[in-house]
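Student: Would you mind keeping the following structure in view while I ask a few things?
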Amino acid sequence: MAKVHVATTVNGESREFLCDPNDSLLDVLRDTLGMTGTKEGCATGDCGACSVMVDGRLVCACLVLGAEAQGAAVETIEGVASETLHPLQQKFLEHAALQCGICTPGFIIAAKALLDKNPDPDETTIRYWLAGNLCRCTGYDKIIRAVQDAAKELAHPA
Amino acid sequence: MGGYAYVAPTTVADTVALLSEHANGGRRAQILAGGTDLLVQMRSGDNVARTIVDVKKLAETNRLVIGSDEIYIGSAIASAELYENEELKGLLPGLLESSDLIGSTQIQGRASMGGNLCNASPAGDTIPAMMAVGAVCDIAGADGTRELAVEDFVTGVGTNALVDGEFLLGLKIPTPGANTRDAYLRFIPRTEMDIAVAGCGVSVTVDGGRCTAARVAIGAVAPTVLLVPSAAEALIGSNLDDAALQAAGEACTAAASPISDKRGTVEYRKKVVAVLCRRATGIARDRATGG
């Protein structure tokens, strides 16, 4: 099977890789580029653990081919923190909004996509927006509270 | 075993040439739009070597034009992008709601109406809504383009009228006048992210309190989504009162030939599709009359 050569941007950095035509972007991120922050849960687009941004859209990396990343701008969990944690990351810690942590990168990426678009979402909006991110540990309430608190923090930095 | 290949042609001519070449050479080619069905199928048993032809790099499949007579929706435009278009949402609220019902935010970022139609699931949510608004498929092939109404495009469970070498460029929809609006409702046992037990798309035109045109289509209650002319006839000429809605609902029940499965029984689906028809017609009527 002929490999596909792909030139893309991941978290603002130019990256090049070779992949099989049927490799997913998730396979490429984790196995080829060694960026294991993005998790694999179901690999069928149901759980949201592999959420990443591609050209400004929230998507499941398991449902994107690596080859499709040619010329695209990909953003992953590795690009969320700067010198300090992003407020969403900080609030997830403060609210204990994670236990096993497998779903957390996906939740952070998805919640960040929401807050970038809508800085002041109500609880219903948050719950619907995050309906494609499954967590089997927390029961979601702590996650919702962390997102609400992060929204406040982003609006009025302490 | 030829393995997989990936190509992303940038013109319709190149795409058609690629598809024809594969068809003539007996090799399998598969169109990729949003990939939310295709990539799952590739991992769930249908892992047969093929050339994946990504049609998202074509201007035509990304074309969104709202004209005074016709609306064109490119086959590969992501649902999330369509839903952000307020003008489109105002003109075709039912169609947009039907695509917005599919999957999570993540799925919305990739899934396309064209893909939902071509996959031709009996429970595909956008298909009844497309039929209700009279959508016509714009199909590219070796001999140029041809048009086919959505109700003629879906030929069976997971099958469509595309022949080897053809692919779907987009949908052409008559631009609704101020007194024509649509609605789509489906029933699922939860509030989000499920497959329709039954669905119904309705478009009505209301002139001076009277319904002058209507189209009704039902989903998940037959091997294919069905246009139900008898339900439309029950609405046309009426003032869309309860009796007319009741009659249209009964026509939907009569047209339905569902199966019993884990989502619902035959009896249940036939009953629910009538309820959905009545409610969707009420919503479309209120939208068409500014209510």
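Residues are referred to by chain and number: the chain letter is A, B, ... according to the order shown in the structure tokens, the number counts from 1 in that chain, and ligands are numbered separately from 1 in the order shown.
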May I ask you to extract the residues of chain B within 7 Å of chain A, using only C-alpha atoms, and to give them as a PyMOL selection string?
Tutor: chain B and resi 3-6+35-36+39-40+104-107+109-110
Student: Per DSSP on the backbone, what are the strand (DSSP E or B) residues of segment 3-157 of chain A, as a PyMOL selection string?
Tutor: chain A and resi 4-10+13-19+24+51-54+57-60+65+73-75
Student: Tell me, as a PDB file with C-alpha atoms, in the first residue's frame, which residues lie within 9 Å of Gln90 of chain A, counting only C-alpha atoms; anything in the same chain fewer than 5 positions away does not count.
Tutor:
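Writing the result to result-v4.pdb gives the following:
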```pdb
ATOM      1  CA  THR A  84       0.419  28.003  32.718  1.00  0.00           C
ATOM      2  CA  LEU A  85      -2.546  25.711  32.415  1.00  0.00           C
ATOM      3  CA  HIS A  95     -13.521  20.767  40.584  1.00  0.00           C
ATOM      4  CA  ALA A 146     -15.726  23.218  35.796  1.00  0.00           C
ATOM      5  CA  ALA A 150     -13.745  28.413  33.486  1.00  0.00           C
TER       6      ALA A 150
END
```
Student: Using the chain letters and numbers from this document, which residues of segment 7-55 of chain A does DSSP assign to helix (DSSP H, G or I), as a PyMOL selection string?
Tutor: chain A and resi 25-32
Student: Emit the selected residues as a PDB file, in the first residue's frame, including C-alpha atoms.
Tutor:
```pdb
ATOM      1  CA  LEU A  25      -5.772  11.277  12.015  1.00  0.00           C
ATOM      2  CA  LEU A  26      -5.912   9.766  15.496  1.00  0.00           C
ATOM      3  CA  ASP A  27      -3.545   6.947  14.436  1.00  0.00           C
ATOM      4  CA  VAL A  28      -1.179   9.520  12.983  1.00  0.00           C
ATOM      5  CA  LEU A  29      -1.237  11.827  16.004  1.00  0.00           C
ATOM      6  CA  ARG A  30      -0.641   9.043  18.502  1.00  0.00           C
ATOM      7  CA  ASP A  31       1.521   6.532  16.649  1.00  0.00           C
ATOM      8  CA  THR A  32       3.396   8.573  14.057  1.00  0.00           C
TER       9      THR A  32
END
```
Student: For atom CA of Gly249 of chain B and atom CA of Gly264 of chain B, quote the distance in Å rounded to one decimal.
Tutor: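 The value is 18.2 Å.
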Student: When you look at segment 147-149 of chain A with a cut-off of 12 Å (counting only C-alpha atoms), what residues show up, excluding the ones that are within fewer than 3 positions of it in the same chain? I need them as a ChimeraX atom specification.
Tutor: /A:86-97,104,107-115,118-127,129-130,140-144,152-158
Student: Using only C-alpha atoms, pick whichever of B:Ser260, B:Ser75, B:Thr175, B:Ser98 has the shortest atom-to-atom distance to Asp54 of chain B.
Tutor: B:Ser75
Student: Determine, counting only C-alpha atoms, which protein, DNA and RNA residues have an atom within 10 Å of an atom of Leu276 of chain B; residues of the same chain fewer than 6 positions away are not included. Present the result as JSON, numbers by chain.
Tutor: {"B": [184, 185, 186, 187, 198, 199, 200, 201, 202, 218, 249, 252, 282]}
Student: Keeping only N, CA and C atoms, take the residues you just selected and write them out as a PDB file, in the first residue's frame.
Tutor:
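Result file follows (out-v1.pdb):
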```pdb
ATOM      1  N   TYR B 184     -39.356  19.381  10.374  1.00  0.00           N
ATOM      2  CA  TYR B 184     -39.030  17.956  10.475  1.00  0.00           C
ATOM      3  C   TYR B 184     -39.048  17.566  11.951  1.00  0.00           C
ATOM      4  N   LEU B 185     -39.684  16.475  12.245  1.00  0.00           N
ATOM      5  CA  LEU B 185     -39.676  15.931  13.606  1.00  0.00           C
ATOM      6  C   LEU B 185     -39.335  14.455  13.534  1.00  0.00           C
ATOM      7  N   ARG B 186     -38.603  13.998  14.525  1.00  0.00           N
ATOM      8  CA  ARG B 186     -38.376  12.564  14.640  1.00  0.00           C
ATOM      9  C   ARG B 186     -38.655  12.181  16.090  1.00  0.00           C
ATOM     10  N   PHE B 187     -38.931  10.915  16.294  1.00  0.00           N
ATOM     11  CA  PHE B 187     -39.055  10.439  17.669  1.00  0.00           C
ATOM     12  C   PHE B 187     -37.859   9.558  18.008  1.00  0.00           C
ATOM     13  N   ALA B 198     -39.109   6.888  14.214  1.00  0.00           N
ATOM     14  CA  ALA B 198     -39.915   7.343  13.088  1.00  0.00           C
ATOM     15  C   ALA B 198     -39.601   8.818  12.889  1.00  0.00           C
ATOM     16  N   GLY B 199     -39.788   9.296  11.669  1.00  0.00           N
ATOM     17  CA  GLY B 199     -39.537  10.712  11.384  1.00  0.00           C
ATOM     18  C   GLY B 199     -40.506  11.199  10.330  1.00  0.00           C
ATOM     19  N   CYS B 200     -40.743  12.527  10.306  1.00  0.00           N
ATOM     20  CA  CYS B 200     -41.651  13.074   9.301  1.00  0.00           C
ATOM     21  C   CYS B 200     -41.234  14.485   8.916  1.00  0.00           C
ATOM     22  N   GLY B 201     -41.093  14.712   7.618  1.00  0.00           N
ATOM     23  CA  GLY B 201     -40.794  16.042   7.087  1.00  0.00           C
ATOM     24  C   GLY B 201     -42.005  16.566   6.338  1.00  0.00           C
ATOM     25  N   VAL B 202     -42.308  17.856   6.550  1.00  0.00           N
ATOM     26  CA  VAL B 202     -43.490  18.452   5.930  1.00  0.00           C
ATOM     27  C   VAL B 202     -43.130  19.837   5.402  1.00  0.00           C
ATOM     28  N   ILE B 218     -41.959  10.477   5.059  1.00  0.00           N
ATOM     29  CA  ILE B 218     -41.791   9.777   6.331  1.00  0.00           C
ATOM     30  C   ILE B 218     -40.531   8.920   6.313  1.00  0.00           C
ATOM     31  N   GLY B 249     -52.106  12.507   8.922  1.00  0.00           N
ATOM     32  CA  GLY B 249     -51.458  11.538   9.799  1.00  0.00           C
ATOM     33  C   GLY B 249     -51.897  10.120   9.482  1.00  0.00           C
ATOM     34  N   CYS B 252     -50.184   8.819   6.511  1.00  0.00           N
ATOM     35  CA  CYS B 252     -48.804   8.388   6.816  1.00  0.00           C
ATOM     36  C   CYS B 252     -48.807   6.991   7.431  1.00  0.00           C
ATOM     37  N   GLY B 282     -48.242  21.149  11.823  1.00  0.00           N
ATOM     38  CA  GLY B 282     -48.609  22.321  12.634  1.00  0.00           C
ATOM     39  C   GLY B 282     -47.467  23.321  12.720  1.00  0.00           C
TER      40      GLY B 282
END
```
Student: Which residues, written as a list in words, have at least one atom at most 10 Å from segment 90-94 of chain B, with only C-alpha atoms counted and residues fewer than 6 positions away on the same chain left out?
Tutor: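 Contacts, in chain order: Ile66, Ile71, Tyr83, Asp100, Thr126, Pro128, Ala129, Met130, Ala132, Val133, Ile173, Thr175, Pro176, Gly177, Ala178, Thr180, Arg181, Asp182, Ala183, Tyr184, Leu185, Gly201, Val202, Ser203, Ala280, Ile283, Ala284 and Arg287 of chain B.
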Student: I'd like the interatomic distance between atom CA of Leu19 of chain B and atom CA of Asp37 of chain B, to a tenth of an Å.
Tutor: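 Rounded to one decimal, the two atoms are 20.0 Å apart.
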